[in-house]
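Asks: The structure's right below; bear with me while I get my questions together.
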Amino acid sequence: MTLYARFAAHLDAILDALEAEGQLPGGLDRKAVAVEPPRDASHGDLATNAAMVLAKRAGTNPRALAGLIAPKLEALDEVSGVEVAGPGFINIRLVPEIWQEELRTILSEGEDYGRSQLGAGTRVNVEYVSANPTGPMHMGHCRGAVVGDALASLLEHAGYAVTREYYVNDAGGQVDVLARSAWLRYREALGETIEIPEGLYPGDYLVPVGQAFAAEFGDRYVAAPEEEWLALFRTRTVAAMLDMIRADLALLGIHHDVFASEAEVQGSGAADRVLETLREKGLIYQGVLEAPKGETSEDWEPVELTLFRSTRFGDDQDRPMKKSSGSWTYFGADAAYHLQKADAADQLINIWGADHAGTVKRVQAAVTALTDGRVDLDVKLVQMVRLFRAGEPIKMSKRAGNFVTLADVVREVGKDVVRFMMLTRRADAPLDFDFAKVVEASKDNPVFYVQYAHARVRSLHRRAAEAGVDLTGTPDLSLLDDEELALVKLAAQFPRVVESAAQAHEPHRIAFYLSDLAAALHAQWNKGNDDPAKRFLLVQNEKLTRARLELASAIGQIVRNGLAIMGVAAAEEMQ
RNA sequence: GCGCCCGUAGCUCAGUUGGAUAGAGCACGAGCCUUCUAAGCUUGGGGUCACAGGUUCGAAUCCUGUCGGGCGCGCCA
């Protein structure tokens with residue numbers, strides 16, 4: 001039980017007592033009552049809004065009600081002071097022993113500190129990356145990959161049962177294009193001089209695929225009509241691309257539990273069943289959509305399509321499930337795919353590029369319709385990464401094939417830097433990534449600053465060992481002063497940060513929190529420059545050193561736990 | 001034309017799901033630091049939270065409208 005939960009319980013008991021005494025009417029809704037650390041540390045350790053929330057319904061005013069609650073809080077052993085402030089906040093100060101105890105808890109729970117049962121085993125499916133299997137991963141995919149993976153890990157820490165999933169778009173026209181591109185490389189491998197026409201994939205990552213085909217098939221398909229080789233080449237090439245993508249993802253430490261195939265969804269009859277289910281619910285009809293507004297396209301012709309009434313669920317227009325050719329639209333298969341996921345989960349989360357924002361509502365509509373509202377789908381939209389090299393933007397052109405691959409970036413700056421940087425902005429805000437800045441050893445670089453904090457703790461312990469500090473016996477944490485306990489208070493917020501980040505589906509909050517914590521540690525450390533008595537390592541005062549080593553260990557532990565959620569390894573020392 | 005996302009310090013961005021005097025880093029100003037514990041430290045100025053209404057004890061946060069930016073807008077994926 002966290003400190004905050006414990007005080008929420010204390011407060012609940014106090015409110016019960018006030019009811020019993022007849023000072024407060026019974027049955028008040030306490031849902032909005034919160035016990036939280038105040039923003040401003042000068043307001044104390046904990047604050048509650050109880051008096052403000054309940055006053056009106058209790059027929060009194062906030063400050064009067066606060067005056068009833070405060071003395072009962074003050075009577076608690078753990079509380080050193082209570083004051084009513086502002087419009088009716090009740091600020092609580094805790095005795096130092098509480099924070100000494102919390103420090104011990106951090107150290108004893110170790111890597112489990114910050115884990116929570118918030119999710120209570122709720123099954124969450126996080127679908128992320130899902131890049132088309134037509135080439136290597138590039139930086140455009142990278143951010144979604146990291147955000148999705150960190151979110152999955154965050155949810156696990158918060159007690160959810162998480163499935164990491166990748167949807168393979170192996171059914172559309174572009175995988176045919178891929179197969180044709182590979183076929184050209186196959187002919188090339190057999191000695192032909194080829195030219196890659198506009199519209200096919202020019203990347204030389206298909207060269208080895210063509211060579212493998214040449215080795216396996218000889219010249220069997222060189223002169224054969226497309227029907228004879230297309231399906232074969234498609235399957236094989238997609239498999240090769242997926243191997244490549246998996247290898248790229250592994251460079252970032254990302255491993256999915258499930259790779260779901262769009263072609264399989266279509267071939268299994270799942271899409272047909274979904275269509276029938278929706279039809280039974282009266283959500284399918286044959287109809288003609290209106291021409292798009294705004295830009296007039298000349299080739300638009302009214303065509304009757306099989307439409308899903310997504311407008312019933314807030315979409316702007318109904319959406320086609322099937323093409324006029326009779327094959328499934330991407331959405332048609334996607335609806336079936338989402339039902340497949342929903343069958344094994346209580347919540348769905350998709351990580352998508354922001355350019356897919358327009359398709360969110362139709363898929364949410366399908367999930368709501370197909371699960372009768374049982375399953376919630378949250379779509380996190382991830383904005384672009386703008387690449388720079390020492391301030392100069394790097395231009396990428398997909399058509400020319402000169403995009404920056406994920407593997408290149410990881411090779412240059414390392415997995416940990418990439419992962420951390422991808423989480424230094426809210427997902428839906430654009431992010432600048434400068435190759436020079438992200439490896440800079442300075443305070444301006446959050447990766448460095450956080451890693452440095454951890455390395456500093458490690459270094460401190462190495463120095464302490466070298467100095468022969470006696471580490472036996474129980475450290476006396478009562479030697480820590482208010483400044484030092486302030487560090488513990490910040491560290492103690494970690495479990496709350498994990499829970500709120502998990503609930504908001506926002507892993508970047510961990511990165512921001514760690515930056516704050518690192519800054520606080522560095523600030524405390526720097527005090528030792530002006531005042532040697534404040535240094536962590538004081539050979540002439542072993543007892544105090546011992547207590548401070550415990551403090552440093554605890555901060556290091558929190559940094560490590562936070563980085564673990566982000567999938568970043570903590571540095572033992574800086575190079 | 002419509003929908004979604006966004007608009008917070010000169011710049012880049014946070015803001016604990018509606019809390020108190022809106023924060024951090026850069027940049028700018030002023031001191032300190034010639035090594036004590038590894039990449040400097042301390043401190044100051046800087047704001048109509050795009051704008052206008054509304055909801056309530058209380059709004060950067062929720063609702064409505066306006067302005068501005070990004071993305072998208074029949075069968076692509």
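Order determines the names: the first chain of the structure tokens is A, the second B, and so forth; residues in each chain are numbered 1 upward, and ligands are numbered 1 upward as they are shown.
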Do a neighbour search on B:C33 at 10 Å with only C-alpha atoms (C1' of nucleotides), toss out local chain neighbours closer than 2 positions, and write the hits as a CSV table (one decimal) with N, CA, C and O atoms (P, O5', C5', C4', C3', O3' and C1' of nucleotides), in the first residue's frame.

Replies:
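Result written to selection20.csv:
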```csv
chain,number,residue,atom,x,y,z
A,529,ASN,N,30.0,21.0,-3.2
A,529,ASN,CA,31.1,21.8,-3.8
A,529,ASN,C,31.3,23.0,-2.9
A,529,ASN,O,32.4,23.4,-2.6
A,530,ASP,N,30.2,23.6,-2.5
A,530,ASP,CA,30.3,24.8,-1.6
A,530,ASP,C,30.6,24.5,-0.2
A,530,ASP,O,31.3,25.2,0.5
B,35,U,P,43.2,24.2,-8.7
B,35,U,O5',41.9,23.3,-8.3
B,35,U,C5',41.3,23.3,-7.1
B,35,U,C4',40.5,22.1,-6.8
B,35,U,C3',41.3,20.8,-7.2
B,35,U,O3',40.9,19.8,-6.3
B,35,U,C1',39.2,20.9,-8.4
B,40,G,P,29.2,20.5,-18.6
B,40,G,O5',29.4,21.7,-17.6
B,40,G,C5',28.5,22.0,-16.7
B,40,G,C4',29.0,21.9,-15.3
B,40,G,C3',28.3,22.7,-14.2
B,40,G,O3',27.2,21.9,-13.7
B,40,G,C1',30.5,23.3,-14.1
B,41,C,P,25.8,22.6,-13.5
B,41,C,O5',26.0,23.4,-12.2
B,41,C,C5',26.4,22.7,-11.0
B,41,C,C4',26.7,23.7,-9.9
B,41,C,C3',25.6,24.7,-9.7
B,41,C,O3',24.6,24.2,-8.8
B,41,C,C1',27.6,25.9,-9.8
```

Asks: Using 12 Å as the limit and counting only C-alpha atoms (C1' of nucleotides), can you tabulate each residue of chain B that touches chain A, with its shortest atom-to-atom distance in Å and the two atoms involved, as JSON lines?

Replies:
```
{"residue": "B:G1", "atom": "C1'", "partner": "A:Gly294", "partner_atom": "CA", "distance": 5.6}
{"residue": "B:C2", "atom": "C1'", "partner": "A:Lys293", "partner_atom": "CA", "distance": 7.6}
{"residue": "B:G3", "atom": "C1'", "partner": "A:Asp316", "partner_atom": "CA", "distance": 6.7}
{"residue": "B:C4", "atom": "C1'", "partner": "A:Ala357", "partner_atom": "CA", "distance": 5.9}
{"residue": "B:C5", "atom": "C1'", "partner": "A:Asp428", "partner_atom": "CA", "distance": 7.4}
{"residue": "B:C6", "atom": "C1'", "partner": "A:Ala429", "partner_atom": "CA", "distance": 8.1}
{"residue": "B:G7", "atom": "C1'", "partner": "A:Ala429", "partner_atom": "CA", "distance": 11.8}
{"residue": "B:U12", "atom": "C1'", "partner": "A:Asp432", "partner_atom": "CA", "distance": 9.2}
{"residue": "B:C13", "atom": "C1'", "partner": "A:Arg425", "partner_atom": "CA", "distance": 7.6}
{"residue": "B:A14", "atom": "C1'", "partner": "A:Phe512", "partner_atom": "CA", "distance": 7.6}
{"residue": "B:G15", "atom": "C1'", "partner": "A:Arg39", "partner_atom": "CA", "distance": 10.2}
{"residue": "B:U16", "atom": "C1'", "partner": "A:Ser500", "partner_atom": "CA", "distance": 7.1}
{"residue": "B:U17", "atom": "C1'", "partner": "A:Ala504", "partner_atom": "CA", "distance": 7.9}
{"residue": "B:G18", "atom": "C1'", "partner": "A:Ala32", "partner_atom": "CA", "distance": 10.1}
{"residue": "B:G19", "atom": "C1'", "partner": "A:Asn49", "partner_atom": "CA", "distance": 7.8}
{"residue": "B:A20", "atom": "C1'", "partner": "A:Gly86", "partner_atom": "CA", "distance": 6.0}
{"residue": "B:U21", "atom": "C1'", "partner": "A:Asp40", "partner_atom": "CA", "distance": 9.9}
{"residue": "B:A22", "atom": "C1'", "partner": "A:Arg39", "partner_atom": "CA", "distance": 10.8}
{"residue": "B:G23", "atom": "C1'", "partner": "A:Arg39", "partner_atom": "CA", "distance": 10.0}
{"residue": "B:A24", "atom": "C1'", "partner": "A:Asp516", "partner_atom": "CA", "distance": 8.5}
{"residue": "B:G25", "atom": "C1'", "partner": "A:Asp444", "partner_atom": "CA", "distance": 6.6}
{"residue": "B:C26", "atom": "C1'", "partner": "A:Asp444", "partner_atom": "CA", "distance": 7.6}
{"residue": "B:C32", "atom": "C1'", "partner": "A:Asp530", "partner_atom": "CA", "distance": 9.9}
{"residue": "B:C33", "atom": "C1'", "partner": "A:Asn529", "partner_atom": "CA", "distance": 9.3}
{"residue": "B:U35", "atom": "C1'", "partner": "A:Asn529", "partner_atom": "CA", "distance": 9.4}
{"residue": "B:C36", "atom": "C1'", "partner": "A:Asn529", "partner_atom": "CA", "distance": 6.5}
{"residue": "B:U37", "atom": "C1'", "partner": "A:Arg535", "partner_atom": "CA", "distance": 7.3}
{"residue": "B:A38", "atom": "C1'", "partner": "A:Met574", "partner_atom": "CA", "distance": 8.3}
{"residue": "B:A39", "atom": "C1'", "partner": "A:Ala441", "partner_atom": "CA", "distance": 6.0}
{"residue": "B:G40", "atom": "C1'", "partner": "A:Asn526", "partner_atom": "CA", "distance": 9.6}
{"residue": "B:C41", "atom": "C1'", "partner": "A:Asn526", "partner_atom": "CA", "distance": 7.0}
{"residue": "B:U42", "atom": "C1'", "partner": "A:Asp530", "partner_atom": "CA", "distance": 9.8}
{"residue": "B:U56", "atom": "C1'", "partner": "A:Lys56", "partner_atom": "CA", "distance": 11.0}
{"residue": "B:C57", "atom": "C1'", "partner": "A:Met52", "partner_atom": "CA", "distance": 6.6}
{"residue": "B:G58", "atom": "C1'", "partner": "A:Pro87", "partner_atom": "CA", "distance": 8.3}
{"residue": "B:G70", "atom": "C1'", "partner": "A:Pro430", "partner_atom": "CA", "distance": 9.8}
{"residue": "B:C71", "atom": "C1'", "partner": "A:Asp355", "partner_atom": "CA", "distance": 5.5}
{"residue": "B:G72", "atom": "C1'", "partner": "A:Gly358", "partner_atom": "CA", "distance": 5.1}
{"residue": "B:C73", "atom": "C1'", "partner": "A:Pro292", "partner_atom": "CA", "distance": 6.9}
{"residue": "B:G74", "atom": "C1'", "partner": "A:Leu289", "partner_atom": "CA", "distance": 6.2}
{"residue": "B:C75", "atom": "C1'", "partner": "A:Lys323", "partner_atom": "CA", "distance": 4.4}
{"residue": "B:C76", "atom": "C1'", "partner": "A:Gly173", "partner_atom": "CA", "distance": 8.5}
{"residue": "B:A77", "atom": "C1'", "partner": "A:Tyr330", "partner_atom": "CA", "distance": 6.8}
```

Asks: Just checking: using only C-alpha atoms, which residue out of A:Phe308, A:Phe313, A:Tyr285, A:Tyr186 ends up closest to A:Trp229?

Replies: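 Ranked by minimum distance to A:Trp229, first place goes to A:Tyr186.
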
Asks: Would you mind telling me which residue in A:Asp476, A:Glu192, A:Glu506, A:Glu276 lies nearest to A:Glu101 when using only C-alpha atoms?

Replies: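 Using only C-alpha atoms, A:Glu101 sits closest to A:Asp476.
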
Asks: Let's see if you can do this: from backbone DSSP, list all helix (DSSP H, G or I) residues in stretch 9-103 of chain A, as an NGL selection string.

Replies: :A and (9-20 or 41-43 or 50-58 or 62-74 or 96-103)

Asks: Near stretch 230-236 of chain A, counting only C-alpha atoms (C1' of nucleotides), which residues have an atom at most 7 Å away, once you skip same-chain residues fewer than 2 positions from it, shown as an NGL selection string?

Replies: :A and (175-176 or 179 or 226-228 or 238-240)

Asks: So what do you get for atom CA of A:Ala467 versus atom CA of A:Ala569, distance-wise?

Replies: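 Atom-to-atom, atom CA of A:Ala467 and atom CA of A:Ala569 are spaced 27.7 Å apart.
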
Asks: What is the distance, in Å and to one decimal place, between atom CA of A:Leu103 and atom CA of A:Phe494?

Replies: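 Computing it gives 12.2 Å between the two atoms.
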
Asks: Could you give me, as a list in words, each residue of stretch 168-364 of chain A that DSSP assigns to strand (DSSP E) when run on this structure's backbone?

Replies: Val168, Val258, Phe259, Ala260, Ser261, Ile284, Tyr285, Gln286, Gly287, Val288, Glu304, Leu305, Thr306, Leu307, Phe308, Arg319, Pro320, Met321, Lys322, Gln347, Leu348, Ile349, Asn350, Ile351, Trp352 and Gly353 of chain A

Asks: Find, counting only C-alpha atoms, the residue in A:Ala66, A:Leu348, A:Ala465, A:Cys142 that gets nearest to A:Arg123.

Replies: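 Among A:Ala66, A:Leu348, A:Ala465, A:Cys142, it is A:Leu348 that comes nearest to A:Arg123.
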
Asks: Measuring between only C-alpha atoms (C1' of nucleotides), which one of B:U8, B:U66, B:C28, B:U61 shows the shortest distance to B:G44?

Replies: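 Among the listed residues, the smallest separation from B:G44 belongs to B:C28.
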